[in-house]
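Asks: Coordinates in start-v1.cif, mmCIF, N, CA and C atoms, are listed below.
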```
data_input
loop_
_atom_site.label_atom_id
_atom_site.label_comp_id
_atom_site.auth_asym_id
_atom_site.auth_seq_id
_atom_site.Cartn_x
_atom_site.Cartn_y
_atom_site.Cartn_z
N MET A 200 105.63 118.05 86.62
CA MET A 200 106.43 116.85 86.45
C MET A 200 105.51 115.64 86.50
N ARG A 201 105.55 114.84 85.46
CA ARG A 201 104.71 113.64 85.39
C ARG A 201 105.49 112.43 85.87
N ILE A 202 104.90 111.72 86.81
CA ILE A 202 105.55 110.56 87.42
C ILE A 202 104.74 109.31 87.12
N VAL A 203 105.44 108.26 86.73
CA VAL A 203 104.85 106.93 86.63
C VAL A 203 105.35 106.16 87.85
N LEU A 204 104.43 105.61 88.61
CA LEU A 204 104.72 104.91 89.86
C LEU A 204 104.48 103.42 89.68
N ALA A 205 105.50 102.62 90.02
CA ALA A 205 105.37 101.17 89.94
C ALA A 205 105.59 100.57 91.32
N ASP A 206 104.63 99.77 91.74
CA ASP A 206 104.69 99.09 93.03
C ASP A 206 103.72 97.92 92.96
N ASN A 207 104.10 96.80 93.51
CA ASN A 207 103.24 95.62 93.45
C ASN A 207 102.22 95.56 94.59
N HIS A 208 102.19 96.55 95.46
CA HIS A 208 101.23 96.57 96.57
C HIS A 208 100.22 97.70 96.35
N GLN A 209 98.99 97.34 96.03
CA GLN A 209 97.95 98.31 95.67
C GLN A 209 97.73 99.39 96.73
N ALA A 210 97.60 99.01 97.98
CA ALA A 210 97.32 100.00 99.02
C ALA A 210 98.46 101.01 99.14
N ARG A 211 99.69 100.54 99.06
CA ARG A 211 100.84 101.44 99.15
C ARG A 211 100.92 102.33 97.91
N ARG A 212 100.61 101.77 96.74
CA ARG A 212 100.61 102.59 95.52
C ARG A 212 99.67 103.78 95.69
N ASP A 213 98.48 103.51 96.19
CA ASP A 213 97.49 104.58 96.38
C ASP A 213 98.00 105.62 97.37
N GLN A 214 98.63 105.17 98.43
CA GLN A 214 99.16 106.09 99.45
C GLN A 214 100.29 106.94 98.87
N VAL A 215 101.21 106.33 98.16
CA VAL A 215 102.31 107.08 97.56
C VAL A 215 101.79 108.07 96.53
N ARG A 216 100.81 107.67 95.75
CA ARG A 216 100.22 108.59 94.76
C ARG A 216 99.62 109.81 95.45
N ARG A 217 98.91 109.60 96.55
CA ARG A 217 98.33 110.73 97.28
C ARG A 217 99.42 111.68 97.77
N ILE A 218 100.54 111.14 98.21
CA ILE A 218 101.66 111.98 98.65
C ILE A 218 102.20 112.79 97.48
N LEU A 219 102.40 112.15 96.34
CA LEU A 219 102.90 112.85 95.16
C LEU A 219 101.96 113.97 94.74
N LEU A 220 100.68 113.68 94.70
CA LEU A 220 99.69 114.70 94.33
C LEU A 220 99.70 115.85 95.33
N GLY A 221 99.85 115.53 96.61
CA GLY A 221 99.91 116.55 97.65
C GLY A 221 101.11 117.48 97.51
N GLU A 222 102.14 117.00 96.85
CA GLU A 222 103.34 117.81 96.60
C GLU A 222 103.24 118.59 95.29
N GLY A 223 102.09 118.50 94.63
CA GLY A 223 101.87 119.25 93.40
C GLY A 223 102.41 118.57 92.15
N LEU A 224 102.76 117.29 92.25
CA LEU A 224 103.27 116.54 91.10
C LEU A 224 102.12 115.89 90.36
N THR A 225 102.35 115.51 89.12
CA THR A 225 101.34 114.86 88.30
C THR A 225 101.57 113.36 88.31
N CYS A 226 100.56 112.63 88.73
CA CYS A 226 100.60 111.17 88.73
C CYS A 226 99.16 110.70 88.54
N GLU A 227 98.79 110.55 87.28
CA GLU A 227 97.42 110.16 86.96
C GLU A 227 97.15 108.73 87.45
N ALA A 228 95.90 108.40 87.65
CA ALA A 228 95.53 107.06 88.12
C ALA A 228 96.09 105.98 87.21
N GLU A 229 96.09 106.22 85.90
CA GLU A 229 96.62 105.22 84.97
C GLU A 229 98.15 105.15 84.99
N ASP A 230 98.80 106.12 85.64
CA ASP A 230 100.26 106.11 85.78
C ASP A 230 100.73 105.30 86.98
N VAL A 231 99.81 104.71 87.70
CA VAL A 231 100.13 103.91 88.89
C VAL A 231 99.90 102.45 88.52
N VAL A 232 100.99 101.69 88.45
CA VAL A 232 100.92 100.33 87.93
C VAL A 232 101.74 99.36 88.77
N GLY A 233 101.46 98.08 88.57
CA GLY A 233 102.30 97.03 89.13
C GLY A 233 103.53 96.88 88.26
N PHE A 234 104.50 96.11 88.73
CA PHE A 234 105.75 95.94 87.99
C PHE A 234 105.53 95.38 86.59
N GLU A 235 104.61 94.44 86.46
CA GLU A 235 104.39 93.81 85.16
C GLU A 235 103.79 94.76 84.13
N GLU A 236 103.03 95.74 84.59
CA GLU A 236 102.39 96.70 83.67
C GLU A 236 103.30 97.87 83.32
N LEU A 237 104.44 97.99 83.98
CA LEU A 237 105.30 99.17 83.81
C LEU A 237 105.77 99.37 82.37
N PRO A 238 106.30 98.36 81.68
CA PRO A 238 106.77 98.61 80.31
C PRO A 238 105.68 99.13 79.39
N GLY A 239 104.49 98.58 79.48
CA GLY A 239 103.38 99.04 78.65
C GLY A 239 103.00 100.47 78.95
N ARG A 240 103.02 100.84 80.21
CA ARG A 240 102.66 102.21 80.60
C ARG A 240 103.70 103.19 80.09
N LEU A 241 104.96 102.83 80.19
CA LEU A 241 106.02 103.74 79.75
C LEU A 241 106.00 103.92 78.24
N ALA A 242 105.54 102.91 77.53
CA ALA A 242 105.46 103.01 76.07
C ALA A 242 104.38 103.98 75.63
N GLY A 243 103.41 104.24 76.50
CA GLY A 243 102.27 105.05 76.09
C GLY A 243 102.25 106.47 76.57
N VAL A 244 103.31 106.95 77.25
CA VAL A 244 103.21 108.27 77.85
C VAL A 244 104.60 108.91 77.98
N LYS A 245 104.63 110.24 77.84
CA LYS A 245 105.86 111.00 78.11
C LYS A 245 106.00 111.10 79.61
N THR A 246 107.10 110.60 80.13
CA THR A 246 107.32 110.52 81.57
C THR A 246 108.53 111.35 81.97
N ASP A 247 108.39 112.09 83.07
CA ASP A 247 109.52 112.87 83.57
C ASP A 247 110.33 112.10 84.62
N LEU A 248 109.66 111.17 85.31
CA LEU A 248 110.32 110.38 86.36
C LEU A 248 109.57 109.07 86.54
N VAL A 249 110.33 108.00 86.73
CA VAL A 249 109.75 106.70 87.07
C VAL A 249 110.11 106.43 88.52
N LEU A 250 109.11 106.18 89.34
CA LEU A 250 109.32 105.86 90.75
C LEU A 250 108.96 104.40 90.96
N VAL A 251 109.95 103.61 91.41
CA VAL A 251 109.75 102.18 91.66
C VAL A 251 109.88 101.96 93.16
N VAL A 252 108.83 101.43 93.78
CA VAL A 252 108.85 101.12 95.21
C VAL A 252 109.08 99.63 95.36
N THR A 253 110.15 99.25 96.06
CA THR A 253 110.63 97.87 96.03
C THR A 253 110.31 97.01 97.24
N ASN A 254 109.75 97.53 98.27
CA ASN A 254 109.60 96.79 99.53
C ASN A 254 109.12 95.36 99.35
N GLY A 255 109.97 94.40 99.73
CA GLY A 255 109.59 93.01 99.77
C GLY A 255 109.59 92.26 98.46
N ALA A 256 109.84 92.88 97.35
CA ALA A 256 109.80 92.20 96.06
C ALA A 256 111.05 92.56 95.26
N ARG A 257 112.20 92.29 95.81
CA ARG A 257 113.45 92.77 95.21
C ARG A 257 113.69 92.24 93.80
N GLU A 258 113.53 90.95 93.57
CA GLU A 258 113.79 90.41 92.24
C GLU A 258 112.85 90.99 91.20
N ALA A 259 111.57 91.07 91.55
CA ALA A 259 110.60 91.65 90.62
C ALA A 259 110.90 93.13 90.39
N ALA A 260 111.33 93.82 91.43
CA ALA A 260 111.65 95.24 91.30
C ALA A 260 112.87 95.45 90.40
N VAL A 261 113.88 94.59 90.56
CA VAL A 261 115.07 94.70 89.70
C VAL A 261 114.69 94.51 88.24
N GLU A 262 113.83 93.56 87.98
CA GLU A 262 113.38 93.34 86.60
C GLU A 262 112.58 94.55 86.10
N ALA A 263 111.75 95.13 86.95
CA ALA A 263 110.99 96.33 86.57
C ALA A 263 111.92 97.49 86.26
N ILE A 264 112.98 97.62 87.03
CA ILE A 264 113.95 98.69 86.80
C ILE A 264 114.65 98.47 85.47
N ARG A 265 115.03 97.24 85.18
CA ARG A 265 115.69 96.94 83.90
C ARG A 265 114.78 97.29 82.72
N THR A 266 113.54 96.88 82.80
CA THR A 266 112.64 97.14 81.67
C THR A 266 112.33 98.63 81.56
N ALA A 267 112.23 99.32 82.69
CA ALA A 267 112.00 100.76 82.64
C ALA A 267 113.17 101.46 81.98
N HIS A 268 114.37 101.03 82.31
CA HIS A 268 115.57 101.63 81.73
C HIS A 268 115.58 101.46 80.21
N GLN A 269 115.09 100.33 79.73
CA GLN A 269 115.03 100.08 78.29
C GLN A 269 113.89 100.84 77.62
N ALA A 270 112.84 101.13 78.36
CA ALA A 270 111.63 101.73 77.77
C ALA A 270 111.61 103.25 77.77
N THR A 271 112.45 103.88 78.61
CA THR A 271 112.39 105.33 78.73
C THR A 271 113.76 105.90 79.02
N SER A 272 113.93 107.17 78.68
CA SER A 272 115.16 107.87 79.05
C SER A 272 114.95 108.70 80.32
N ALA A 273 113.76 108.64 80.88
CA ALA A 273 113.46 109.38 82.10
C ALA A 273 114.27 108.82 83.27
N PRO A 274 114.60 109.66 84.24
CA PRO A 274 115.28 109.16 85.43
C PRO A 274 114.40 108.14 86.16
N ILE A 275 115.06 107.18 86.80
CA ILE A 275 114.35 106.16 87.57
C ILE A 275 114.79 106.30 89.02
N LEU A 276 113.83 106.53 89.90
CA LEU A 276 114.09 106.65 91.33
C LEU A 276 113.55 105.40 92.01
N VAL A 277 114.38 104.74 92.80
CA VAL A 277 113.98 103.52 93.48
C VAL A 277 113.90 103.81 94.96
N ALA A 278 112.79 103.42 95.58
CA ALA A 278 112.59 103.63 97.00
C ALA A 278 112.18 102.32 97.66
N GLY A 279 112.63 102.10 98.89
CA GLY A 279 112.26 100.91 99.61
C GLY A 279 113.03 100.79 100.91
N GLU A 280 112.67 99.80 101.65
CA GLU A 280 113.38 99.55 102.90
C GLU A 280 114.70 98.90 102.63
N LYS A 281 115.56 98.98 103.58
CA LYS A 281 116.89 98.40 103.50
C LYS A 281 116.86 96.91 103.42
#
```
What is this file in structure tokens?
Replies:
Amino acid sequence: MRIVLADNHQARRDQVRRILLGEGLTCEAEDVVGFEELPGRLAGVKTDLVLVVTNGAREAAVEAIRTAHQATSAPILVAGEK
């Protein structure tokens, strides 16, 4: 399963990617992007799941989710704090 991960915090992106890889999922380094790069990344790759991590950037995350929804038919999973 190929996952594209979007998060605006670099250190957390790296940590989440390591977790995904540890679970045997595919998440290439180029599949890990900030919110602004998400539409371009989705245009260039077959994706099985889009993971958007929202902590602290709700408005930007909502916009990333909207653009992801328009760019792919893959499921979008949103994770973050309450």
Asks: Let me know the residues the PyMOL selection byres ((chain A and resi 202-209) around 6.5) catches in the file above, as number ranges by chain.
Replies: A: 200-201, 210-214, 224-227, 230-234, 237, 246-253
Asks: Could you pull the residues within 9 Å of A:Lys245, counting only C-alpha atoms, minus those fewer than 3 positions along the same chain, as number ranges by chain?
Replies: A: 201, 241-242, 271, 273
Asks: Find the distance between atom N of A:Pro238 and atom N of A:Ala263 and write it in Å to one decimal.
Replies: 8.2 Å
Asks: How far is it from atom CA of A:Val277 to atom CA of A:Arg240, in Å with one decimal?
Replies: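 A separation of 17.2 Å between them.
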Asks: Run DSSP on the backbone of this structure and report the residues of stretch 202-281 of chain A it assigns to helix (DSSP H, G or I), as a PyMOL selection string.
Replies: chain A and resi 209-221+228-230+234-242+257-270
Asks: Write out as a ChimeraX atom specification the set of residues from chain A that DSSP, computed on the backbone, places in strand (DSSP E).
Replies: /A:202-205,231-232,248-252,275-278
Asks: Using all atoms listed in the file, which residues sit within 8 Å of A:Gly255 once same-chain residues fewer than 4 positions away are excluded, as a ChimeraX atom specification?
Replies: /A:259-260,279-280
